[in-house]
Every structure is written in structure tokens, then in C-alpha cells.
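Presented below is the structure to which this report refers.
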Amino acid sequence: MGFDPNEPEQRRRLRAALRAADISVSELWLKCFSLSGDAGEYEVEAYLQGLLSLPAVQRDLLALAANEMIDELPRPRAPYSDDFDREAEELDNRDESGGAAGGRAAEADE
């Protein structure tokens with residue numbers, strides 16, 4: 001395994017992404033393992049601390065695992081103007097459905 005000049009930057013960005021997404025090393029390792037990664041949990045920890053070098057394929061599997069986990073996280077979204085109309089409609093429909101059941105029962109009695 002030769003020295004890859006991009007490895008330190010790849011490691012730094014992976015650590016930053018994990019920190020920002022609040023993903024633990026154990027979670028990352030488990031996801032990576034499920035994607036057929038063969039680095040052990042201690043090796044992943046040592047890699048993230050800069051104590052161990054990993055082959056590019058293993059580093060890329062760690063990146064893939066992290067990115068998949070990040071993509072699964074719920075994120076806040078900026079609303080469009082018509083989202084407010086939709087929210088109001090949904091609230092009205094909920095209110096009507098609660099009241100509608102009672103209203104239907106009253107209509108059936110008539």
C-alpha cells in the first residue's frame with residue numbers, strides 16, 4: 001500500500017461529516033461492514049484518528065457508508081408559499097374528519 005496524498009484530506013472530511021451528522025464510529029463501522037467492508041471497528045477508529053492508513057477501496061466504502069447514513073437523516077426544508085395553503089387544508093381536513101364522524105352519526109339519526 002503506497003502513500004496516497006489525498007488520504008489525509010479524505011480522512012479530515014469524513015471526520016467532519018460524521019461529526020456534523022452525529023454518527024458514531026460504531027455506527028459507521030457497522031454500516032460499512034454491511035456494505036462488504038473488511039476493516040475492523042478498531043481499524044476504522046485508528047484510521048479516523050490518523051494512526052492507520054487504509055486502502056482506497058476501504059476509505060471509499062467508509063465514505064459510501066457515511067453518505068448513505070447522512071442521506072437517511074431527516075433534514076429541515078424551506079417551505080414554498082403554497083406549503084402554507086396545504087398545511088391549512090390538512091388542518092381543516094383533520095378538524096372536519098373529527099367533526100364529520102359526529103355529523104354523520106347525527107345525520108343517520110334523522
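Labels used: A, B, ... for chains in the order of the C-alpha cells, numbers from 1 for residues in each chain, and numbers from 1 for ligands as shown.
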Please provide as a CSV table (one decimal) with C-alpha atoms, in the first residue's frame all residues within 12 Å of Glu68 of chain A, with the sequence filter that same-chain residues fewer than 5 positions apart are discarded (counting only C-alpha atoms).
chain,number,residue,atom,x,y,z
A,17,ALA,CA,-19.2,14.8,8.1
A,18,LEU,CA,-19.5,12.2,10.9
A,21,ALA,CA,-24.3,14.2,11.3
A,23,ILE,CA,-22.7,9.4,13.6
A,27,GLU,CA,-22.5,3.1,13.5
A,28,LEU,CA,-20.1,3.9,10.7
A,31,LYS,CA,-22.9,0.3,8.0
A,32,CYS,CA,-19.5,-0.2,6.2
A,34,SER,CA,-22.9,-4.3,5.8
A,35,LEU,CA,-21.6,-2.9,2.5
A,61,LEU,CA,-16.6,2.2,1.5
A,62,LEU,CA,-16.4,4.3,4.6
A,63,ALA,CA,-17.4,7.4,2.6
A,73,LEU,CA,-31.3,11.6,8.3
Using only C-alpha atoms, determine which residues lie at most 12 Å from Ser36 of chain A, disregarding the query and same-chain residues fewer than 5 positions distant; provide the list as a VMD selection string.
-> chain A and resid 29 to 31 57 to 58 60 to 62 64 to 65
Would you give me, as JSON lines, each residue of segment 19-109 of chain A having an atom within 10 Å of an atom of segment 4-8 of chain A, along with its shortest atom pair and that distance in Å to one decimal, using only C-alpha atoms and sorting by chain and residue number?
{"residue": "A:Tyr47", "atom": "CA", "partner": "A:Pro8", "partner_atom": "CA", "distance": 9.7}
{"residue": "A:Leu48", "atom": "CA", "partner": "A:Pro8", "partner_atom": "CA", "distance": 9.5}
{"residue": "A:Gly50", "atom": "CA", "partner": "A:Pro8", "partner_atom": "CA", "distance": 7.7}
{"residue": "A:Ser53", "atom": "CA", "partner": "A:Glu7", "partner_atom": "CA", "distance": 7.9}
{"residue": "A:Leu54", "atom": "CA", "partner": "A:Glu7", "partner_atom": "CA", "distance": 8.5}
{"residue": "A:Pro55", "atom": "CA", "partner": "A:Asp4", "partner_atom": "CA", "distance": 8.8}
{"residue": "A:Ala56", "atom": "CA", "partner": "A:Glu7", "partner_atom": "CA", "distance": 8.1}
{"residue": "A:Arg59", "atom": "CA", "partner": "A:Glu7", "partner_atom": "CA", "distance": 8.3}
Could you write out the selected residues, including C-alpha atoms, as a tab-separated table (two decimals), in the first residue's frame?
chain	number	residue	atom	x	y	z
A	47	TYR	CA	-7.89	5.41	10.60
A	48	LEU	CA	-10.14	8.26	11.73
A	50	GLY	CA	-4.81	9.24	11.67
A	53	SER	CA	-3.72	4.07	6.65
A	54	LEU	CA	-6.45	2.23	4.75
A	55	PRO	CA	-6.54	1.23	1.09
A	56	ALA	CA	-8.58	3.50	-1.17
A	59	ARG	CA	-11.78	4.51	2.50
Atom CA of Glu41 of chain A to atom CA of Glu9 of chain A: how many Å, to one decimal?
-> 20.7 Å
Could you find all residues in chain A that DSSP calls helix (DSSP H, G or I) from the backbone, and write them as a CSV table (one decimal) with N, CA, C and O atoms, in the first residue's frame?
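The file below, result.csv, is the result:
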chain,number,residue,atom,x,y,z
A,7,GLU,N,-5.3,11.0,1.0
A,7,GLU,CA,-5.9,10.3,2.2
A,7,GLU,C,-6.1,11.2,3.4
A,7,GLU,O,-7.2,11.2,4.0
A,8,PRO,N,-5.1,12.1,3.8
A,8,PRO,CA,-5.4,12.9,5.0
A,8,PRO,C,-6.6,13.8,4.8
A,8,PRO,O,-7.4,14.0,5.7
A,9,GLU,N,-6.8,14.4,3.6
A,9,GLU,CA,-7.9,15.3,3.3
A,9,GLU,C,-9.2,14.5,3.3
A,9,GLU,O,-10.2,14.9,3.9
A,10,GLN,N,-9.2,13.3,2.8
A,10,GLN,CA,-10.4,12.4,2.8
A,10,GLN,C,-10.8,12.1,4.2
A,10,GLN,O,-11.9,12.1,4.6
A,11,ARG,N,-9.8,11.8,5.0
A,11,ARG,CA,-10.0,11.4,6.4
A,11,ARG,C,-10.6,12.6,7.2
A,11,ARG,O,-11.6,12.5,7.9
A,12,ARG,N,-10.0,13.8,6.9
A,12,ARG,CA,-10.5,15.0,7.6
A,12,ARG,C,-11.9,15.3,7.3
A,12,ARG,O,-12.8,15.6,8.1
A,13,ARG,N,-12.3,15.2,6.0
A,13,ARG,CA,-13.7,15.5,5.6
A,13,ARG,C,-14.6,14.4,6.1
A,13,ARG,O,-15.8,14.7,6.4
A,14,LEU,N,-14.2,13.2,6.1
A,14,LEU,CA,-15.0,12.1,6.7
A,14,LEU,C,-15.3,12.4,8.1
A,14,LEU,O,-16.5,12.3,8.6
A,15,ARG,N,-14.3,12.7,8.9
A,15,ARG,CA,-14.5,13.0,10.3
A,15,ARG,C,-15.4,14.2,10.5
A,15,ARG,O,-16.3,14.2,11.3
A,16,ALA,N,-15.3,15.2,9.7
A,16,ALA,CA,-16.2,16.4,9.7
A,16,ALA,C,-17.6,16.0,9.4
A,16,ALA,O,-18.6,16.5,10.1
A,17,ALA,N,-17.8,15.2,8.4
A,17,ALA,CA,-19.2,14.8,8.1
A,17,ALA,C,-19.8,13.9,9.2
A,17,ALA,O,-21.0,14.1,9.5
A,18,LEU,N,-19.0,13.0,9.8
A,18,LEU,CA,-19.5,12.2,10.9
A,18,LEU,C,-19.9,13.1,12.1
A,18,LEU,O,-20.9,12.9,12.7
A,19,ARG,N,-19.0,14.1,12.4
A,19,ARG,CA,-19.3,15.0,13.5
A,19,ARG,C,-20.6,15.8,13.2
A,19,ARG,O,-21.5,15.9,14.1
A,20,ALA,N,-20.7,16.3,12.0
A,20,ALA,CA,-21.9,17.1,11.7
A,20,ALA,C,-23.2,16.3,11.7
A,20,ALA,O,-24.2,16.9,12.1
A,21,ALA,N,-23.1,15.1,11.4
A,21,ALA,CA,-24.3,14.2,11.3
A,21,ALA,C,-24.5,13.4,12.6
A,21,ALA,O,-25.5,12.7,12.8
A,25,VAL,N,-18.5,6.1,15.5
A,25,VAL,CA,-17.6,5.2,14.8
A,25,VAL,C,-18.2,3.8,14.7
A,25,VAL,O,-18.2,3.2,13.6
A,26,SER,N,-18.9,3.4,15.7
A,26,SER,CA,-19.5,2.1,15.7
A,26,SER,C,-20.6,2.0,14.7
A,26,SER,O,-20.7,1.0,14.0
A,27,GLU,N,-21.4,3.1,14.6
A,27,GLU,CA,-22.5,3.1,13.5
A,27,GLU,C,-21.9,3.1,12.1
A,27,GLU,O,-22.3,2.4,11.3
A,28,LEU,N,-20.8,3.9,12.0
A,28,LEU,CA,-20.1,3.9,10.7
A,28,LEU,C,-19.6,2.5,10.3
A,28,LEU,O,-19.8,2.0,9.2
A,29,TRP,N,-18.9,1.9,11.3
A,29,TRP,CA,-18.3,0.6,11.0
A,29,TRP,C,-19.3,-0.4,10.6
A,29,TRP,O,-19.2,-1.2,9.7
A,30,LEU,N,-20.4,-0.4,11.4
A,30,LEU,CA,-21.5,-1.4,11.1
A,30,LEU,C,-22.1,-1.3,9.7
A,30,LEU,O,-22.3,-2.2,9.0
A,31,LYS,N,-22.3,0.0,9.4
A,31,LYS,CA,-22.9,0.3,8.0
A,31,LYS,C,-21.8,-0.2,7.0
A,31,LYS,O,-22.2,-0.8,6.0
A,32,CYS,N,-20.6,0.2,7.2
A,32,CYS,CA,-19.5,-0.2,6.2
A,32,CYS,C,-19.4,-1.7,6.1
A,32,CYS,O,-19.3,-2.2,5.0
A,33,PHE,N,-19.5,-2.4,7.2
A,33,PHE,CA,-19.4,-3.8,7.3
A,33,PHE,C,-20.5,-4.4,6.4
A,33,PHE,O,-20.4,-5.4,5.7
A,34,SER,N,-21.7,-3.8,6.6
A,34,SER,CA,-22.9,-4.3,5.8
A,34,SER,C,-22.7,-4.1,4.3
A,34,SER,O,-23.4,-4.8,3.5
A,41,GLU,N,-13.6,-2.6,13.4
A,41,GLU,CA,-14.0,-1.4,14.1
A,41,GLU,C,-12.8,-0.7,14.6
A,41,GLU,O,-12.7,0.6,14.5
A,42,TYR,N,-11.9,-1.4,15.2
A,42,TYR,CA,-10.7,-0.7,15.7
A,42,TYR,C,-9.8,-0.1,14.6
A,42,TYR,O,-9.2,1.0,14.8
A,43,GLU,N,-9.8,-0.8,13.5
A,43,GLU,CA,-9.0,-0.2,12.3
A,43,GLU,C,-9.7,1.1,11.8
A,43,GLU,O,-9.0,2.1,11.5
A,44,VAL,N,-11.0,1.1,11.8
A,44,VAL,CA,-11.7,2.3,11.4
A,44,VAL,C,-11.5,3.5,12.4
A,44,VAL,O,-11.2,4.6,12.0
A,45,GLU,N,-11.5,3.1,13.7
A,45,GLU,CA,-11.2,4.1,14.7
A,45,GLU,C,-9.8,4.7,14.5
A,45,GLU,O,-9.5,5.9,14.6
A,46,ALA,N,-8.8,3.8,14.3
A,46,ALA,CA,-7.4,4.2,14.2
A,46,ALA,C,-7.3,5.0,12.9
A,46,ALA,O,-6.5,6.0,12.9
A,47,TYR,N,-8.0,4.6,11.8
A,47,TYR,CA,-7.9,5.4,10.6
A,47,TYR,C,-8.4,6.8,10.8
A,47,TYR,O,-7.8,7.8,10.4
A,48,LEU,N,-9.6,6.9,11.5
A,48,LEU,CA,-10.1,8.3,11.7
A,48,LEU,C,-9.3,9.1,12.6
A,48,LEU,O,-9.3,10.4,12.5
A,56,ALA,N,-7.6,2.6,-0.6
A,56,ALA,CA,-8.6,3.5,-1.2
A,56,ALA,C,-10.0,2.8,-1.2
A,56,ALA,O,-11.0,3.5,-0.9
A,57,VAL,N,-10.0,1.6,-1.5
A,57,VAL,CA,-11.3,0.9,-1.6
A,57,VAL,C,-12.0,0.9,-0.2
A,57,VAL,O,-13.2,1.1,-0.1
A,58,GLN,N,-11.3,0.7,0.8
A,58,GLN,CA,-11.9,0.7,2.2
A,58,GLN,C,-12.3,2.1,2.6
A,58,GLN,O,-13.3,2.3,3.2
A,59,ARG,N,-11.4,3.1,2.2
A,59,ARG,CA,-11.8,4.5,2.5
A,59,ARG,C,-13.0,4.9,1.8
A,59,ARG,O,-13.9,5.6,2.3
A,60,ASP,N,-13.2,4.4,0.5
A,60,ASP,CA,-14.4,4.8,-0.3
A,60,ASP,C,-15.6,4.1,0.3
A,60,ASP,O,-16.7,4.6,0.3
A,61,LEU,N,-15.4,2.9,0.8
A,61,LEU,CA,-16.6,2.2,1.5
A,61,LEU,C,-17.0,2.9,2.7
A,61,LEU,O,-18.2,3.0,3.0
A,62,LEU,N,-16.0,3.5,3.5
A,62,LEU,CA,-16.4,4.3,4.6
A,62,LEU,C,-17.1,5.5,4.2
A,62,LEU,O,-18.1,5.9,4.8
A,63,ALA,N,-16.7,6.2,3.1
A,63,ALA,CA,-17.4,7.4,2.6
A,63,ALA,C,-18.8,7.0,2.1
A,63,ALA,O,-19.7,7.7,2.4
A,64,LEU,N,-18.9,5.9,1.4
A,64,LEU,CA,-20.2,5.4,1.0
A,64,LEU,C,-21.2,5.2,2.2
A,64,LEU,O,-22.3,5.6,2.2
A,65,ALA,N,-20.7,4.5,3.2
A,65,ALA,CA,-21.5,4.2,4.4
A,65,ALA,C,-21.9,5.5,5.0
A,65,ALA,O,-23.1,5.7,5.4
A,66,ALA,N,-21.0,6.4,5.2
A,66,ALA,CA,-21.3,7.7,5.9
A,66,ALA,C,-22.3,8.5,5.0
A,66,ALA,O,-23.3,9.0,5.6
A,67,ASN,N,-22.1,8.5,3.7
A,67,ASN,CA,-23.1,9.3,2.9
A,67,ASN,C,-24.5,8.6,2.9
A,67,ASN,O,-25.5,9.4,2.9
A,68,GLU,N,-24.5,7.3,2.9
A,68,GLU,CA,-25.9,6.7,2.9
A,68,GLU,C,-26.5,7.0,4.3
A,68,GLU,O,-27.7,7.3,4.3
A,69,MET,N,-25.8,7.0,5.4
A,69,MET,CA,-26.4,7.3,6.7
A,69,MET,C,-26.8,8.7,6.7
A,69,MET,O,-27.9,9.0,7.3
A,70,ILE,N,-26.0,9.6,6.2
A,70,ILE,CA,-26.4,11.0,6.2
A,70,ILE,C,-27.6,11.3,5.3
A,70,ILE,O,-28.5,12.0,5.7
A,71,ASP,N,-27.7,10.6,4.2
A,71,ASP,CA,-28.9,10.7,3.3
A,71,ASP,C,-30.2,10.3,4.0
A,71,ASP,O,-31.3,10.7,3.7
A,72,GLU,N,-30.1,9.4,5.0
A,72,GLU,CA,-31.2,8.8,5.7
A,72,GLU,C,-31.7,9.8,6.8
A,72,GLU,O,-32.8,9.6,7.3
A,81,SER,N,-44.4,28.9,-0.8
A,81,SER,CA,-45.5,29.7,-0.4
A,81,SER,C,-46.8,28.8,-0.4
A,81,SER,O,-47.7,29.0,0.5
A,82,ASP,N,-46.9,27.9,-1.3
A,82,ASP,CA,-48.2,27.1,-1.3
A,82,ASP,C,-48.2,26.0,-0.2
A,82,ASP,O,-49.2,25.4,0.0
A,83,ASP,N,-47.0,25.8,0.4
A,83,ASP,CA,-47.0,24.8,1.5
A,83,ASP,C,-47.9,25.3,2.7
A,83,ASP,O,-48.5,24.4,3.3
A,84,PHE,N,-48.0,26.6,2.8
A,84,PHE,CA,-48.8,27.1,3.9
A,84,PHE,C,-50.3,26.8,3.6
A,84,PHE,O,-51.1,26.5,4.5
A,85,ASP,N,-50.7,26.9,2.4
A,85,ASP,CA,-52.1,26.6,2.0
A,85,ASP,C,-52.4,25.2,2.2
A,85,ASP,O,-53.4,24.8,2.7
A,86,ARG,N,-51.4,24.3,1.8
A,86,ARG,CA,-51.6,22.9,2.0
A,86,ARG,C,-51.7,22.5,3.5
A,86,ARG,O,-52.5,21.7,3.9
A,87,GLU,N,-50.9,23.1,4.3
A,87,GLU,CA,-50.9,22.9,5.8
A,87,GLU,C,-52.3,23.3,6.3
A,87,GLU,O,-52.8,22.6,7.2
A,88,ALA,N,-52.8,24.4,5.9
A,88,ALA,CA,-54.1,24.9,6.4
A,88,ALA,C,-55.2,23.9,5.9
A,88,ALA,O,-56.1,23.6,6.7
A,89,GLU,N,-55.1,23.4,4.7
A,89,GLU,CA,-56.1,22.4,4.2
A,89,GLU,C,-56.0,21.2,5.0
A,89,GLU,O,-57.1,20.6,5.4
A,90,GLU,N,-54.8,20.7,5.3
A,90,GLU,CA,-54.7,19.5,6.1
A,90,GLU,C,-55.3,19.6,7.5
A,90,GLU,O,-55.9,18.7,8.0
A,91,LEU,N,-55.1,20.8,8.1
A,91,LEU,CA,-55.6,21.1,9.4
A,91,LEU,C,-57.2,21.1,9.3
A,91,LEU,O,-57.9,20.6,10.2
A,92,ASP,N,-57.7,21.8,8.3
A,92,ASP,CA,-59.1,21.8,8.1
A,92,ASP,C,-59.7,20.4,7.9
A,92,ASP,O,-60.7,20.1,8.5
A,93,ASN,N,-59.0,19.6,7.1
A,93,ASN,CA,-59.5,18.2,6.9
A,93,ASN,C,-59.5,17.4,8.2
A,93,ASN,O,-60.4,16.6,8.4
A,94,ARG,N,-58.5,17.6,9.0
A,94,ARG,CA,-58.4,16.9,10.2
A,94,ARG,C,-59.6,17.3,11.1
A,94,ARG,O,-60.2,16.5,11.8
A,95,ASP,N,-59.8,18.6,11.2
A,95,ASP,CA,-60.9,19.1,12.0
A,95,ASP,C,-62.2,18.6,11.5
A,95,ASP,O,-63.1,18.2,12.3
A,96,GLU,N,-62.4,18.6,10.2
A,96,GLU,CA,-63.7,18.2,9.6
A,96,GLU,C,-63.8,16.7,9.8
A,96,GLU,O,-64.9,16.2,10.1
A,97,SER,N,-62.8,15.9,9.7
A,97,SER,CA,-62.9,14.4,9.8
A,97,SER,C,-63.3,14.1,11.3
A,97,SER,O,-64.1,13.2,11.5
A,98,GLY,N,-62.8,14.8,12.2
A,98,GLY,CA,-63.2,14.6,13.6
A,98,GLY,C,-64.6,15.0,13.8
A,98,GLY,O,-65.4,14.3,14.5
A,99,GLY,N,-65.0,16.1,13.3
A,99,GLY,CA,-66.4,16.6,13.4
A,99,GLY,C,-67.3,15.9,12.5
A,99,GLY,O,-68.5,15.7,12.7
A,100,ALA,N,-66.8,15.4,11.3
A,100,ALA,CA,-67.6,14.8,10.3
A,100,ALA,C,-68.1,13.5,10.8
A,100,ALA,O,-69.3,13.1,10.5
A,101,ALA,N,-67.4,12.7,11.6
A,101,ALA,CA,-67.9,11.5,12.1
A,101,ALA,C,-69.1,11.7,13.0
A,101,ALA,O,-70.1,11.0,12.9
A,102,GLY,N,-69.0,12.7,13.9
A,102,GLY,CA,-70.1,13.0,14.7
A,102,GLY,C,-71.3,13.6,13.9
A,102,GLY,O,-72.4,13.3,14.2
A,103,GLY,N,-71.0,14.3,12.9
A,103,GLY,CA,-72.0,14.9,12.0
A,103,GLY,C,-72.7,13.8,11.2
A,103,GLY,O,-73.9,13.8,11.1
A,104,ARG,N,-72.0,12.8,10.8
A,104,ARG,CA,-72.6,11.7,10.1
A,104,ARG,C,-73.5,10.9,11.0
A,104,ARG,O,-74.6,10.4,10.6
A,105,ALA,N,-73.1,10.7,12.2
A,105,ALA,CA,-73.9,9.9,13.1
A,105,ALA,C,-75.2,10.7,13.4
A,105,ALA,O,-76.3,10.1,13.5
A,106,ALA,N,-75.1,12.0,13.5
A,106,ALA,CA,-76.3,12.8,13.7
A,106,ALA,C,-77.2,12.8,12.5
A,106,ALA,O,-78.4,12.7,12.7
A,107,GLU,N,-76.7,12.8,11.3
A,107,GLU,CA,-77.5,12.7,10.1
A,107,GLU,C,-78.2,11.3,10.0
A,107,GLU,O,-79.3,11.2,9.5
A,108,ALA,N,-77.5,10.3,10.5
A,108,ALA,CA,-78.1,8.9,10.4
A,108,ALA,C,-79.3,8.9,11.3
A,108,ALA,O,-80.3,8.1,11.1
A,109,ASP,N,-79.3,9.6,12.4
A,109,ASP,CA,-80.4,9.6,13.4
A,109,ASP,C,-81.6,10.3,12.8
A,109,ASP,O,-82.7,10.0,13.2
